[in-house]
$ cat target_11.txt   # compact mmCIF, C-alpha atoms and all ligand atoms
# COMPACT_ATOMS: atom_id res chain seq x y z
CA MET A 1 102.27 90.31 76.68
CA PHE A 2 98.55 89.69 77.26
CA VAL A 3 96.43 91.04 80.11
CA THR A 4 92.85 90.27 81.10
CA CYS A 5 90.88 92.65 83.29
CA GLN A 6 87.37 93.83 84.07
CA VAL A 7 85.46 95.43 81.21
CA GLY A 8 85.92 99.18 81.79
CA ALA A 9 89.36 98.83 83.40
CA GLU A 10 91.23 98.71 80.05
CA PRO A 11 92.37 102.39 80.10
CA ALA A 12 93.61 101.90 83.67
CA VAL A 13 95.64 98.83 82.60
CA LYS A 14 97.05 100.72 79.60
CA ALA A 15 98.12 103.57 81.89
CA GLU A 16 99.82 101.11 84.27
CA VAL A 17 101.71 99.43 81.42
CA ALA A 18 102.72 102.79 79.90
CA ALA A 19 103.96 104.07 83.27
CA GLN A 20 106.15 101.01 83.84
CA TRP A 21 107.25 100.38 80.25
CA PRO A 22 106.94 103.62 78.24
CA GLU A 23 108.55 101.87 75.26
CA SER A 24 105.73 99.27 75.08
CA ARG A 25 103.20 99.34 72.24
CA PHE A 26 99.53 98.59 72.57
CA ALA A 27 98.43 95.86 70.11
CA PHE A 28 95.28 93.69 69.64
CA SER A 29 92.51 94.24 72.15
CA ARG A 30 88.90 93.42 72.96
CA PRO A 31 86.91 94.51 76.01
CA GLY A 32 88.54 92.84 79.01
CA PHE A 33 91.52 91.57 76.96
CA LEU A 34 94.62 93.51 75.90
CA THR A 35 97.94 92.70 74.30
CA PHE A 36 101.13 94.75 74.26
CA LYS A 37 104.41 94.55 72.39
CA LEU A 38 107.31 94.94 74.81
CA PRO A 39 111.03 95.45 74.17
CA ALA A 40 112.75 92.12 73.45
CA ASP A 41 114.93 92.16 76.60
CA LEU A 42 111.82 92.17 78.86
CA ALA A 43 110.37 89.15 77.07
CA THR A 44 113.24 86.97 78.29
CA THR A 45 111.80 86.65 81.81
CA THR A 46 109.44 83.74 82.40
CA THR A 47 106.54 85.95 83.48
CA PRO A 48 105.96 89.65 82.80
CA THR A 49 106.68 91.49 86.04
CA LEU A 50 103.91 94.02 85.56
CA ARG A 51 103.03 96.04 88.65
CA SER A 52 99.31 96.29 88.21
CA VAL A 53 96.20 96.78 90.30
CA PHE A 54 93.72 96.31 87.45
CA ALA A 55 95.22 93.31 85.60
CA ARG A 56 93.49 90.09 86.60
CA THR A 57 95.96 87.93 84.67
CA VAL A 58 99.21 88.69 82.87
CA GLY A 59 101.25 86.41 80.64
CA TRP A 60 103.34 86.13 77.53
CA SER A 61 101.35 85.85 74.36
CA LEU A 62 101.88 83.04 71.83
CA GLY A 63 99.14 84.42 69.59
CA PRO A 64 95.57 83.80 68.41
CA VAL A 65 94.04 80.69 66.88
CA LYS A 66 90.97 80.76 64.70
CA GLY A 67 88.41 78.15 63.72
CA ASP A 68 84.69 77.78 63.08
CA THR A 69 84.22 75.04 65.68
CA PRO A 70 85.60 74.56 69.20
CA GLU A 71 87.24 71.33 67.95
CA SER A 72 89.14 73.15 65.21
CA ARG A 73 90.21 75.89 67.60
CA ALA A 74 91.40 73.34 70.18
CA ALA A 75 93.43 71.48 67.52
CA ALA A 76 94.89 74.83 66.41
CA VAL A 77 95.96 75.60 70.00
CA TRP A 78 98.10 72.45 70.14
CA HIS A 79 99.49 73.17 66.70
CA LEU A 80 100.48 76.70 67.78
CA VAL A 81 102.06 75.40 70.98
CA SER A 82 104.10 72.83 69.03
CA GLU A 83 105.23 75.56 66.62
CA LYS A 84 105.98 78.39 69.02
CA ALA A 85 106.68 76.73 72.34
CA ALA A 86 108.09 73.34 71.42
CA ASP A 87 110.90 73.77 73.95
CA HIS A 88 108.50 74.71 76.82
CA ARG A 89 107.25 72.23 79.37
CA PHE A 90 103.86 73.16 80.84
CA ASP A 91 102.55 71.87 84.16
CA ARG A 92 99.02 73.25 84.11
CA LEU A 93 96.42 74.47 81.63
CA HIS A 94 94.26 77.52 82.50
CA VAL A 95 91.30 78.20 80.22
CA TRP A 96 88.89 81.10 80.68
CA GLN A 97 86.73 83.51 78.76
CA ARG A 98 87.35 87.25 78.65
CA ASP A 99 84.62 89.21 80.43
CA THR A 100 81.85 90.03 78.00
CA THR A 101 80.37 92.97 79.90
CA ALA A 102 81.07 95.16 82.94
CA ALA A 103 81.05 93.39 86.31
CA GLY A 104 77.60 93.80 87.83
CA HIS A 105 75.94 94.87 84.58
CA ARG A 106 72.60 93.01 84.53
CA GLY A 107 73.98 90.80 87.29
CA PHE A 108 77.09 89.71 85.33
CA GLU A 109 79.63 88.04 87.66
CA PRO A 110 83.07 87.46 86.10
CA GLY A 111 84.23 83.89 86.44
CA ILE A 112 84.86 80.59 84.70
CA THR A 113 82.04 80.10 82.20
CA PRO A 114 80.53 76.83 80.89
CA ALA A 115 82.13 77.62 77.49
CA ALA A 116 85.56 77.82 79.16
CA THR A 117 85.01 74.54 81.01
CA ALA A 118 83.96 72.85 77.75
CA ALA A 119 87.02 74.28 75.94
CA LEU A 120 89.33 72.98 78.69
CA GLN A 121 87.81 69.52 78.34
CA LEU A 122 88.20 69.59 74.59
CA LEU A 123 91.82 70.73 74.80
CA ILE A 124 92.63 67.87 77.16
CA GLU A 125 90.91 65.35 74.87
CA LEU A 126 92.74 66.61 71.79
CA GLU A 127 96.17 66.93 73.39
CA PRO A 128 98.72 65.21 71.16
CA PRO A 129 100.07 62.02 72.79
CA LYS A 130 103.33 62.33 74.70
CA ALA A 131 105.47 60.22 76.98
CA GLU A 132 104.38 61.71 80.32
CA PRO A 133 100.68 62.26 81.06
CA SER A 134 99.84 65.85 82.05
CA ASP A 135 98.04 66.81 85.21
CA TRP A 136 96.47 69.82 83.52
CA THR A 137 93.68 70.61 85.96
CA ALA A 138 95.27 69.89 89.36
CA THR A 139 95.71 72.85 91.73
CA THR A 140 98.46 75.09 90.40
CA ARG A 141 101.58 75.07 92.59
CA ARG A 142 104.01 77.89 93.17
CA GLY A 143 106.48 77.94 90.30
CA ASP A 144 104.29 75.95 87.89
CA ARG A 145 104.50 76.77 84.20
CA VAL A 146 101.00 77.50 83.03
CA LEU A 147 99.69 77.29 79.47
CA ASP A 148 96.89 79.85 79.06
CA CYS A 149 93.98 79.77 76.61
CA ILE A 150 91.54 82.69 76.59
CA LEU A 151 88.23 82.53 74.75
CA ILE A 152 87.96 85.82 72.85
CA ASP A 153 84.88 85.35 70.64
CA ASP A 154 82.99 82.75 68.58
CA THR A 155 85.93 82.08 66.28
CA THR A 156 89.05 83.17 68.18
CA TRP A 157 90.96 81.87 71.18
CA TRP A 158 94.21 83.37 72.42
CA VAL A 159 97.16 81.30 73.62
CA GLY A 160 99.77 82.40 76.14
CA HIS A 161 101.72 81.26 79.18
CA HIS A 162 102.93 82.45 82.57
CA ARG A 163 104.71 81.16 85.67
CA SER A 164 102.69 80.98 88.87
CA TRP A 165 104.45 82.82 91.70
CA THR A 166 101.58 84.53 93.49
CA ARG A 167 98.25 83.18 94.66
CA PRO A 168 96.12 84.73 91.87
CA GLN A 169 98.61 83.53 89.25
CA GLY A 170 97.63 80.03 90.31
CA TRP A 171 93.90 80.68 89.81
CA PRO A 172 92.68 80.02 86.23
CA GLY A 173 91.82 83.42 84.76
CA GLY A 174 92.81 85.01 88.09
CA PHE A 175 89.32 84.10 89.37
CA TRP A 176 89.21 83.23 93.06
CA PRO A 177 88.33 79.52 93.10
CA GLY A 178 86.64 79.57 96.53
CA THR A 179 82.95 79.22 97.15
CA ALA A 180 80.50 80.72 99.65
CA PRO A 181 77.87 78.94 101.71
CA ALA A 182 74.39 78.72 100.19
CA GLU A 183 72.92 81.42 102.41
CA ILE A 184 74.94 84.62 102.26
CA VAL A 185 73.62 87.96 103.50
CA SER A 186 75.17 89.92 100.62
CA ARG A 187 77.74 89.39 97.85
CA ALA A 188 80.21 91.30 100.02
CA TYR A 189 80.74 87.85 101.60
CA LEU A 190 82.52 86.81 98.40
CA LYS A 191 84.58 90.03 98.29
CA MET A 192 85.79 89.50 101.85
CA ALA A 193 86.51 85.78 101.39
CA GLU A 194 88.47 86.53 98.20
CA ALA A 195 90.32 89.44 99.86
CA LEU A 196 91.39 87.26 102.80
CA ASP A 197 92.66 84.52 100.49
CA TRP A 198 94.41 86.90 98.08
CA SER A 199 96.10 88.92 100.83
CA GLY A 200 97.16 85.87 102.83
CA MET A 201 96.56 87.71 106.09
CA ALA A 202 96.72 85.44 109.10
CA LEU A 203 93.38 86.09 110.79
CA GLU A 204 92.88 83.73 113.69
CA THR A 205 89.89 82.40 115.56
CA GLY A 206 89.07 84.56 118.56
CA GLN A 207 90.68 87.73 117.18
CA THR A 208 88.61 90.85 116.61
CA ALA A 209 87.88 92.58 113.32
CA ALA A 210 85.98 95.83 112.89
CA GLU A 211 84.24 96.62 109.62
CA ILE A 212 83.26 100.19 108.80
CA GLY A 213 80.40 100.08 106.33
CA CYS A 214 79.19 96.64 107.41
CA ALA A 215 75.49 96.69 106.48
CA PRO A 216 73.76 94.46 105.56
CA GLY A 217 76.56 92.17 106.75
CA GLY A 218 77.94 89.77 104.11
CA ALA A 219 81.59 90.57 104.84
CA SER A 220 80.96 90.35 108.60
CA GLN A 221 79.35 86.95 108.00
CA ALA A 222 82.54 85.80 106.19
CA LEU A 223 84.65 86.95 109.16
CA LEU A 224 82.29 85.33 111.69
CA ASP A 225 82.50 82.08 109.68
CA ARG A 226 86.28 82.20 110.23
CA GLY A 227 85.75 82.36 113.98
CA LEU A 228 86.43 86.06 114.47
CA ARG A 229 84.63 88.48 116.73
CA VAL A 230 83.25 91.27 114.58
CA VAL A 231 82.39 94.86 115.43
CA GLY A 232 80.22 96.15 112.59
CA ILE A 233 79.99 99.93 112.19
CA ASP A 234 77.24 101.35 109.99
CA PRO A 235 74.27 103.70 110.46
CA ALA A 236 72.20 101.33 108.28
CA ASP A 237 70.38 98.12 109.27
CA VAL A 238 72.28 94.87 109.61
CA ASP A 239 70.62 91.59 108.60
CA THR A 240 69.01 89.81 111.55
CA ARG A 241 71.01 86.60 110.85
CA VAL A 242 74.25 88.52 111.44
CA LEU A 243 72.85 90.53 114.37
CA ALA A 244 71.86 87.29 116.09
CA HIS A 245 75.42 85.90 115.99
CA PRO A 246 76.91 85.90 119.51
CA ASN A 247 80.28 87.19 118.21
CA PHE A 248 78.78 90.19 116.38
CA THR A 249 78.33 93.70 117.79
CA HIS A 250 76.65 96.46 115.82
CA ILE A 251 77.66 100.10 116.40
CA ARG A 252 75.01 102.09 114.59
CA LYS A 253 77.22 105.09 113.75
CA ARG A 254 79.33 106.51 110.98
CA GLY A 255 83.02 105.53 111.18
CA VAL A 256 84.25 108.97 112.27
CA GLU A 257 81.71 109.08 115.13
CA VAL A 258 83.10 106.00 116.87
CA LYS A 259 85.41 106.72 119.82
CA ARG A 260 89.00 105.52 119.27
CA ARG A 261 88.97 103.49 122.50
CA GLN A 262 86.27 101.28 121.01
CA PHE A 263 88.93 99.98 118.60
CA ARG A 264 91.28 98.89 121.44
CA SER A 265 90.61 95.18 121.00
CA VAL A 266 90.65 95.36 117.20
CA GLN A 267 93.48 93.59 115.31
CA TRP A 268 91.94 93.78 111.85
CA LEU A 269 90.28 96.83 110.38
CA MET A 270 88.05 96.50 107.33
CA ALA A 271 86.25 99.21 105.34
CA ASP A 272 83.59 98.92 102.66
CA MET A 273 81.85 102.30 102.57
CA ASN A 274 80.04 103.65 99.53
CA VAL A 275 81.89 106.97 99.76
CA PRO A 276 84.79 108.50 97.78
CA PRO A 277 88.20 106.88 98.44
CA GLU A 278 89.49 110.02 100.20
CA ILE A 279 86.79 109.68 102.87
CA THR A 280 87.48 105.97 103.41
CA LEU A 281 91.21 106.72 103.71
CA THR A 282 90.75 109.66 106.11
CA THR A 283 88.49 107.55 108.32
CA LEU A 284 90.96 104.65 108.39
CA GLU A 285 93.98 106.92 108.91
CA GLY A 286 92.41 108.45 112.00
CA ILE A 287 92.13 104.98 113.52
CA VAL A 288 95.31 103.14 112.48
CA THR A 289 97.63 106.03 113.30
CA PHE A 290 96.14 106.56 116.76
CA ALA A 291 98.94 105.72 119.19
CA ASP A 292 96.98 103.54 121.58
CA LEU A 293 95.69 101.06 119.02
CA HIS A 294 97.24 97.90 117.58
CA VAL A 295 95.80 97.27 114.16
CA ARG A 296 97.83 94.52 112.45
CA GLY A 297 96.19 94.71 109.07
CA VAL A 298 93.65 96.58 107.00
CA ILE A 299 91.44 95.48 104.11
CA ALA A 300 89.61 98.33 102.38
CA ASN A 301 87.47 98.50 99.29
CA LEU A 302 87.95 101.83 97.54
CA LYS A 303 85.01 102.73 95.28
CA LEU A 304 85.93 104.28 91.95
CA ALA A 305 82.66 106.05 91.19
CA ASP A 306 84.35 107.32 88.04
CA TRP A 307 87.03 105.29 86.22
CA LYS A 308 89.09 108.52 86.10
CA LEU A 309 89.85 107.91 89.79
CA ALA A 310 92.05 104.98 88.68
CA ALA A 311 94.76 107.56 87.99
CA ASP A 312 94.76 108.47 91.71
CA VAL A 313 95.33 104.89 92.91
CA PRO A 314 99.15 105.28 93.24
CA GLN A 315 98.49 108.33 95.46
CA TYR A 316 96.08 106.34 97.66
CA LEU A 317 98.69 103.60 98.07
CA THR A 318 101.38 106.15 98.98
CA GLN A 319 99.06 107.53 101.67
CA ILE A 320 98.47 104.03 103.11
CA ARG A 321 102.22 103.25 103.08
CA GLY A 322 102.62 106.27 105.35
CA TRP A 323 100.59 104.54 108.08
CA GLY A 324 103.50 102.30 109.10
CA PHE A 325 102.51 98.99 107.51
CA ASP A 326 105.27 96.76 106.12
CA HIS A 327 103.27 95.69 103.08
CA VAL A 328 100.65 97.41 100.96
CA SER A 329 99.04 95.59 98.06
CA ALA A 330 96.10 96.42 95.83
CA ARG A 331 94.09 94.43 93.31
CA GLN A 332 90.81 94.71 91.54
CA LEU A 333 89.39 91.45 92.83
CA GLY A 334 87.24 89.17 90.71
CA HIS A 335 84.34 90.01 93.00
CA ASN A 336 85.05 93.75 93.06
CA ARG A 337 82.84 95.83 90.84
CA GLN A 338 83.96 99.39 90.03
CA GLU A 339 86.28 99.42 93.01
CA ILE A 340 89.63 98.05 94.14
CA CYS A 341 90.70 96.18 97.24
CA VAL A 342 93.70 97.35 99.26
CA ALA A 343 95.39 95.16 101.85
CA ALA A 344 98.01 96.54 104.23
CA TRP A 345 99.61 94.55 107.01
CA LYS A 346 102.48 94.32 109.41
CA GLU A 347 105.12 91.62 108.83
CA SER A 348 103.84 89.53 111.73
CA ALA A 349 100.36 89.45 110.19
CA ARG A 350 101.16 87.34 107.13
CA ARG A 351 100.60 83.63 106.75
CA GLN A 352 103.92 81.82 106.49
CA ASN A 353 103.15 80.13 103.22
CA ILE A 354 101.78 82.81 100.97
CA GLY A 355 102.30 80.83 97.74
CA ASN A 356 99.45 78.70 96.54
CA SER A 357 101.36 75.59 97.56
CA PRO A 358 104.77 74.55 98.80
CA ARG A 359 107.66 76.14 96.98
CA ARG A 360 109.10 73.96 94.26
CA HIS A 361 112.68 72.90 94.58
CA GLY A 362 115.13 75.32 93.00
CA ASP A 363 112.76 78.29 92.69
CA THR A 364 114.58 81.56 92.62
CA GLU A 365 112.43 83.86 90.62
CA GLU A 366 109.73 86.24 91.75
CA GLY A 367 106.77 87.12 89.59
CA ASN A 368 104.64 90.18 89.23
CA ASP A 369 102.99 92.10 92.00
CA GLN A 370 99.48 90.92 91.61
C1 LIG X 1 78.59 98.47 99.94
S1 LIG X 1 77.69 98.71 101.41
C2 LIG X 1 78.56 97.64 102.49
C3 LIG X 1 78.30 96.20 102.31
C4 LIG X 1 78.79 95.43 103.51
N1 LIG X 1 80.22 95.48 103.66
C5 LIG X 1 78.34 94.00 103.55
O1 LIG X 1 79.19 93.16 103.86
O2 LIG X 1 77.18 93.70 103.31
C6 LIG X 1 78.18 100.29 101.93
C7 LIG X 1 77.76 100.67 103.32
O3 LIG X 1 78.56 101.78 103.73
C8 LIG X 1 77.79 102.47 104.71
N2 LIG X 1 78.42 103.77 104.96
C9 LIG X 1 78.52 104.83 104.14
N3 LIG X 1 79.19 105.83 104.76
C10 LIG X 1 79.55 105.36 105.97
C11 LIG X 1 80.28 105.91 107.07
N4 LIG X 1 80.79 107.13 107.01
N5 LIG X 1 80.47 105.15 108.16
C12 LIG X 1 79.96 103.89 108.23
N6 LIG X 1 79.27 103.32 107.21
C13 LIG X 1 79.06 104.05 106.10
C14 LIG X 1 76.39 102.50 104.10
O4 LIG X 1 75.43 102.74 105.09
C15 LIG X 1 76.30 101.10 103.46
O5 LIG X 1 75.63 100.22 104.33
$ encode --input "target_11.txt" --output "C-alpha cells"
Amino acid sequence: MFVTCQVGAEPAVKAEVAAQWPESRFAFSRPGFLTFKLPADLATTTTPTLRSVFARTVGWSLGPVKGDTPESRAAAVWHLVSEKAADHRFDRLHVWQRDTTAAGHRGFEPGITPAATAALQLLIELEPPKAEPSDWTATTRRGDRVLDCILIDDTTWWVGHHRSWTRPQGWPGGFWPGTAPAEIVSRAYLKMAEALDWSGMALETGQTAAEIGCAPGGASQALLDRGLRVVGIDPADVDTRVLAHPNFTHIRKRGVEVKRRQFRSVQWLMADMNVPPEITLTTLEGIVTFADLHVRGVIANLKLADWKLAADVPQYLTQIRGWGFDHVSARQLGHNRQEICVAAWKESARRQNIGNSPRRHGDTEEGNDQ
C-alpha cells in the first residue's frame, strides 16, 4: 500500500496504519510518501480501506520505476503496468509529485506541480497503442479505476492504483481541484471552499453560518460567495471588503463571550481559531449542545501546534460524536497547514450525491474513509 501526506504528518500516518493493521510492515518512504506491506488477504480488496485523517491519497503499490530522463521513466511506467497489472483496466490516470517540504514552509502550497503535469502529458504520449482510446484526464467518476503515478525524485516515480469511491479519491493526488477568485482576503478562503466540497454539506443560499475566528475574513468571503449570511465572531479586525458585504455581521468578541441566543438563526457553525483544539472544542460544544439552537453542521479547523497532538485526534472525534451529529469526518485538507479539518453534520444536511459523479452501474463496494 502507498500513502501520500503532508511533510511532517508521516508519523501520524504510520500510527494510523499500525492502529488499524498491527500486522502491517513499514517499507520504502520519503518525506510525504510512505509504503507499507500488508497481509495478503487485505490486498485482495480493490482499494485499501484505511481509516485515516492524515493520508491525502491511499492506493495499492505496483512499485517504483527508475530512469535518467522523464521519457525513460514514462516508458518504464507502461512496462511495469503491462507486467504487473496486465489484467487491470484503468479508467483514469492521476499523476502528482510528493510534497517536497512542509505545507506553508517558505510559502510552499501542496498541489499539482508543473513537473507532474509534464509527466502526465508524457505518459499519455507514450501509452502503448490499444483498441479503445483512454480518457485519462477526464473528471474521475465514482467507481473509476485509477492508475496512479507519483513523482518521488529526479530519477524515481512510483506506480500504484486505487478505486475512486469518495470525493478526494477522485482528485489527482487528493488535491482539491477547485479554484478561488483572484481577490481573496486570506488563504482561509481556500480552506473553507475545500472543506465545503470535501464534506459535501448542503449549504444553501439564504441560510446563516457563523464563523468563530473569522478575521481577516477569507472563509467568510467563501461563504458569502455561496450566498450565505455570515456572522463573523472575532476580537480582531475584519477586512473592509468583507465588512462592507450586506450579508456579513461582525461580532467583535471571543466565541465564549457571545450569548447563545445570538446563534438562534445559525444553521452552520464554523471555527478557525488559533488556539489549542480543546479550547475550540469546548467553545463549539457549548453552542451545539445548547437546547434552543438548531445547528445542522459544523466545520472546524483544529490546530496541531505540536505534531504530538495527532495522537489525540481520535479523542477529539469521540468528543464531537457525543454532540448528536449523525456523521463525523476528519481530514488534513490540501490547504490545511499543521491542522486538520473536522466536519460533523446531521443526516438531513448532506448533499444527495456525495460521490464525485453519478454512481456507476453495478457498484457495490465502499472505499476508505477519507
Ligand atoms: C487563523 S485566523 C482565522 C482566519 C479566518 N478564518 C479567515 O478566514 O481569514 C485565527 C483567528 O482566531 C481568532 N481567535 C483566537 N481566539 C479566539 C476566540 N476565543 N474567539 C474568537 N476568535 C478567536 C484570532 O483573533 C484570529 O483572527
$ residues_near_ligand --input "target_11.txt" --ligand "ligand LIG 1 (chain X)" --cutoff "6 Å" --atoms "all atoms listed in the file" --output "ChimeraX atom specification"
/A:186,188-189,212-220,233-236,254-255,272-275
$ closest_atom_pairs --input "target_11.txt" --of "segment 45-119 of chain A" --to "segment 157-164 of chain A" --cutoff "6 Å" --atoms "all atoms listed in the file" --output "tab-separated table"
residue	atom	partner	partner_atom	distance
A:Thr47	CA	A:His162	CA	5.1
A:Gly59	CA	A:His162	CA	4.7
A:Trp60	CA	A:Gly160	CA	5.3
A:Ser61	CA	A:Gly160	CA	4.2
A:Leu62	CA	A:Gly160	CA	4.8
A:Gly63	CA	A:Val159	CA	5.5
A:Pro64	CA	A:Trp158	CA	4.3
A:Val65	CA	A:Trp157	CA	5.4
$ residues_around --input "target_11.txt" --residues "Leu34 of chain A" --least-positions-apart "6" --cutoff "8 Å" --atoms "all atoms listed in the file" --output "PyMOL selection string"
chain A and resi 2-4+10+26-28
$ axis_aligned_box --input "target_11.txt" --around "segment 227-232 of chain A" --padding-each-side "5 Å" --output "lines of an AutoDock Vina configuration file"
center_x = 83.3
center_y = 89.3
center_z = 114.7
size_x = 16.2
size_y = 23.8
size_z = 14.1
$ closest_residue --input "target_11.txt" --among "A:Trp198, A:Phe263, A:Trp268, A:Trp136" --to "Thr166 of chain A" --atoms "only C-alpha atoms"
A:Trp198
$ atom_distance --input "target_11.txt" --atom1 "atom CA of Pro31 of chain A" --atom2 "atom CA of Pro11 of chain A"
10.4 Å
$ closest_residue --input "target_11.txt" --among "A:Ser29, A:Val256, A:Leu302, A:Trp307" --to "Thr283 of chain A" --atoms "only C-alpha atoms"
A:Val256
$ residues_around --input "target_11.txt" --residues "Arg51 of chain A" --least-positions-apart "4" --cutoff "12 Å" --atoms "all atoms listed in the file" --output "PyMOL selection string"
chain A and resi 3+13-21+47+55-58+314+329-331+367-370
$ atom_distance --input "target_11.txt" --atom1 "atom CA of Ser24 of chain A" --atom2 "atom CA of Phe90 of chain A"
26.8 Å
$ atom_distance --input "target_11.txt" --atom1 "atom CA of Trp345 of chain A" --atom2 "atom CA of Phe248 of chain A"
23.3 Å
$ closest_residue --input "target_11.txt" --among "A:Met201, A:Asp292, A:Arg252, A:His94" --to "Val328 of chain A" --atoms "only C-alpha atoms"
A:Met201
$ residues_around --input "target_11.txt" --residues "His327 of chain A" --least-positions-apart "6" --cutoff "9 Å" --atoms "all atoms listed in the file" --output "list of chain:residue names"
A:Arg321, A:Ala343, A:Ala344, A:Trp345, A:Lys346, A:Glu347
$ residues_around --input "target_11.txt" --residues "Arg187 of chain A" --least-positions-apart "2" --cutoff "12 Å" --atoms "all atoms listed in the file" --output "PyMOL selection string"
chain A and resi 104+107+109+179-185+189-194+215-222+334-337
$ residues_around --input "target_11.txt" --residues "Thr139 of chain A" --least-positions-apart "3" --cutoff "10 Å" --atoms "only C-alpha atoms" --output "PyMOL selection string"
chain A and resi 92+135-136+142+144+170-172+356-357
$ residues_near_point --input "target_11.txt" --point "(81.3, 84.1, 87.3)" --cutoff "12 Å" --atoms "only C-alpha atoms" --output "PyMOL selection string"
chain A and resi 6+96-104+107-116+173-179+190+334-336
